[in-house]
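A.B. asks: Structure below; questions to follow.
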Amino acid sequence: MSKKKFILLSVLKTWFFSTIISTILLIVFMNLTKPEMGEHPRNCDMSGLAYGLVIIWILFLSIVSFSSLFSLFRSFHSKMKTFLCWFLLPILFIIYYFFMITEGQKINGEDILFFLITNLPWFAIWIFYYWRFGTLYFNHKIQS
């Protein structure tokens with residue numbers, strides 16, 4: 001498989017699996033944090049926006065991860081430059097996202113948990129594909 005095809009399939013697989021995992025985790029999170037019986041029902045507090053936010057955010061991370069295609073250029077063939085191609089933009093946007101969801105307020109446990117639900121599955125799967133890319137293409141190149 002060519003490097004380009006591997007990267008494109010990695011982006012698609014990462015998007016698909018992380019969307020499913022994050023949505024399931026968000027459903028569990030929303031069920032565990034149901035409001036008390038005396039409070040307004042969940043459908044009145046616009047909590048459904050969280051699902052849309054998670055799906056759009058993961059789609060955005062996957063679009064940003066196309067920067068990994070820069071690692072196909074000869075000038076980016078070192079391990080450090082390849083790492084930067086795969087992770088610089090996604091990490092910068094994840095940091096921005098953290099400050100966006102906290103809105104400059106005091107950070108509570110629900111904010112951190114929501115941040116982890118939205119970013120950790122995508123990031124873990126993306127690291128796996130980066131590791132696979134390195135073992136398939138860099139180790140093979142050194143032995144030749």
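In the structure tokens, each chain is lettered A, B, ... as it comes, each chain's residues begin at 1, and ligands are numbered from 1 in order of appearance.
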Do you know which residues are at most 12 Å from Ser22 (chain A) counting only C-alpha atoms, after dropping those on the same chain fewer than 6 positions away, and could you put them as a list in words?
C.D. replies: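 What passes the distance filter is Thr14, Trp15, Phe16, Val28, Phe29, Met30, Ala50, Tyr51, Gly52, Leu53, Val54, Ile55, Ile56, Trp57, Ile58, Leu59, Leu113, Phe114, Phe115, Leu116, Ile117, Thr118, Asn119, Leu120, Pro121, Trp122, Phe123, Ala124 and Ile125 of chain A.
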A.B. asks: Selected residues, N, CA, C and O atoms, written as a compact mmCIF listing (two decimals), in the first residue's frame, please.
C.D. replies:
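And here's out.txt as it stands now:
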```txt
# COMPACT_ATOMS: atom_id res chain seq x y z
N THR A 14 -9.87 6.75 11.38
CA THR A 14 -9.82 7.49 12.63
C THR A 14 -11.09 8.28 12.84
O THR A 14 -11.67 8.27 13.93
N TRP A 15 -11.55 8.96 11.80
CA TRP A 15 -12.80 9.72 11.90
C TRP A 15 -13.97 8.80 12.25
O TRP A 15 -14.74 9.08 13.16
N PHE A 16 -14.11 7.70 11.54
CA PHE A 16 -15.25 6.81 11.72
C PHE A 16 -15.27 6.20 13.12
O PHE A 16 -16.27 6.29 13.84
N VAL A 28 -23.37 7.68 27.38
CA VAL A 28 -23.18 7.21 28.75
C VAL A 28 -23.03 8.38 29.71
O VAL A 28 -23.66 8.42 30.78
N PHE A 29 -22.22 9.37 29.33
CA PHE A 29 -22.01 10.55 30.17
C PHE A 29 -23.32 11.30 30.41
O PHE A 29 -23.63 11.70 31.53
N MET A 30 -24.11 11.48 29.35
CA MET A 30 -25.38 12.20 29.49
C MET A 30 -26.36 11.42 30.36
O MET A 30 -27.13 12.02 31.12
N ALA A 50 -24.54 18.98 22.49
CA ALA A 50 -23.28 18.29 22.79
C ALA A 50 -22.98 17.23 21.74
O ALA A 50 -21.83 17.07 21.31
N TYR A 51 -24.00 16.50 21.30
CA TYR A 51 -23.79 15.47 20.27
C TYR A 51 -23.32 16.10 18.96
O TYR A 51 -22.39 15.62 18.33
N GLY A 52 -23.98 17.16 18.57
CA GLY A 52 -23.57 17.85 17.34
C GLY A 52 -22.17 18.42 17.45
O GLY A 52 -21.38 18.35 16.51
N LEU A 53 -21.86 18.98 18.62
CA LEU A 53 -20.52 19.54 18.84
C LEU A 53 -19.45 18.47 18.75
O LEU A 53 -18.41 18.68 18.13
N VAL A 54 -19.71 17.31 19.32
CA VAL A 54 -18.74 16.22 19.27
C VAL A 54 -18.53 15.75 17.83
O VAL A 54 -17.39 15.58 17.38
N ILE A 55 -19.60 15.55 17.11
CA ILE A 55 -19.49 15.06 15.73
C ILE A 55 -18.77 16.07 14.84
O ILE A 55 -17.87 15.72 14.07
N ILE A 56 -19.14 17.33 14.97
CA ILE A 56 -18.49 18.37 14.15
C ILE A 56 -17.03 18.52 14.55
O ILE A 56 -16.16 18.70 13.69
N TRP A 57 -16.73 18.46 15.84
CA TRP A 57 -15.34 18.61 16.28
C TRP A 57 -14.47 17.48 15.76
O TRP A 57 -13.35 17.70 15.30
N ILE A 58 -14.95 16.24 15.82
CA ILE A 58 -14.17 15.11 15.32
C ILE A 58 -13.98 15.21 13.81
O ILE A 58 -12.91 14.91 13.28
N LEU A 59 -15.01 15.66 13.11
CA LEU A 59 -14.87 15.89 11.67
C LEU A 59 -13.82 16.96 11.40
O LEU A 59 -12.97 16.80 10.52
N LEU A 113 -14.10 16.08 31.59
CA LEU A 113 -14.63 14.82 31.08
C LEU A 113 -15.16 14.98 29.66
O LEU A 113 -14.91 14.13 28.80
N PHE A 114 -15.86 16.07 29.38
CA PHE A 114 -16.35 16.32 28.02
C PHE A 114 -15.19 16.49 27.05
O PHE A 114 -15.22 15.98 25.93
N PHE A 115 -14.14 17.19 27.48
CA PHE A 115 -12.94 17.36 26.66
C PHE A 115 -12.31 16.00 26.33
O PHE A 115 -11.93 15.74 25.19
N LEU A 116 -12.21 15.14 27.33
CA LEU A 116 -11.63 13.81 27.09
C LEU A 116 -12.51 12.95 26.19
O LEU A 116 -12.00 12.23 25.32
N ILE A 117 -13.83 13.05 26.36
CA ILE A 117 -14.75 12.28 25.52
C ILE A 117 -14.61 12.70 24.06
O ILE A 117 -14.65 11.87 23.15
N THR A 118 -14.44 13.98 23.81
CA THR A 118 -14.37 14.45 22.44
C THR A 118 -13.00 14.23 21.80
O THR A 118 -12.93 14.03 20.58
N ASN A 119 -11.94 14.28 22.55
CA ASN A 119 -10.60 14.24 21.96
C ASN A 119 -9.83 12.95 22.15
O ASN A 119 -9.05 12.56 21.27
N LEU A 120 -9.99 12.28 23.27
CA LEU A 120 -9.16 11.12 23.57
C LEU A 120 -9.33 9.96 22.58
O LEU A 120 -8.33 9.41 22.12
N PRO A 121 -10.56 9.58 22.20
CA PRO A 121 -10.66 8.47 21.22
C PRO A 121 -10.00 8.82 19.88
O PRO A 121 -9.27 7.99 19.32
N TRP A 122 -10.22 10.03 19.40
CA TRP A 122 -9.60 10.42 18.13
C TRP A 122 -8.08 10.41 18.24
O TRP A 122 -7.38 9.87 17.39
N PHE A 123 -7.59 10.99 19.32
CA PHE A 123 -6.14 11.10 19.50
C PHE A 123 -5.49 9.73 19.67
O PHE A 123 -4.42 9.47 19.11
N ALA A 124 -6.12 8.83 20.42
CA ALA A 124 -5.56 7.49 20.62
C ALA A 124 -5.50 6.71 19.31
O ALA A 124 -4.48 6.06 19.00
N ILE A 125 -6.55 6.79 18.52
CA ILE A 125 -6.56 6.08 17.24
C ILE A 125 -5.55 6.70 16.28
O ILE A 125 -4.85 6.00 15.55
```
A.B. asks: What is the CA of Tyr96 (chain A)-CA of Lys3 (chain A) distance in Å, reported with one decimal?
C.D. replies: 29.5 Å
A.B. asks: Looking at A:Ile94, A:Leu69, A:Leu89, A:Val64, which one is nearest to Phe6 (chain A), with distances taken over only C-alpha atoms?
C.D. replies: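 Looking at the shortest contact to Phe6 (chain A), the residue is A:Leu69.
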A.B. asks: With only C-alpha atoms as the counted atoms, please give the residues lying no more than 7 Å from Ser65 (chain A), apart from itself and same-chain residues fewer than 4 positions off, as a list in words.
C.D. replies: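 So, after excluding close chain neighbours, the residues are Val11, Leu61, Trp86 and Pro90 of chain A.
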A.B. asks: Could you tell me which of A:Asn31, A:Thr82, A:Phe99, A:Lys13 comes closest to Trp126 (chain A) if we count only C-alpha atoms?
C.D. replies: A:Lys13
A.B. asks: Counting only C-alpha atoms, what is within 12 Å of Lys81 (chain A), bar same-chain residues fewer than 4 positions away, as an NGL selection string?
C.D. replies: :A and (67-77 or 85-88)
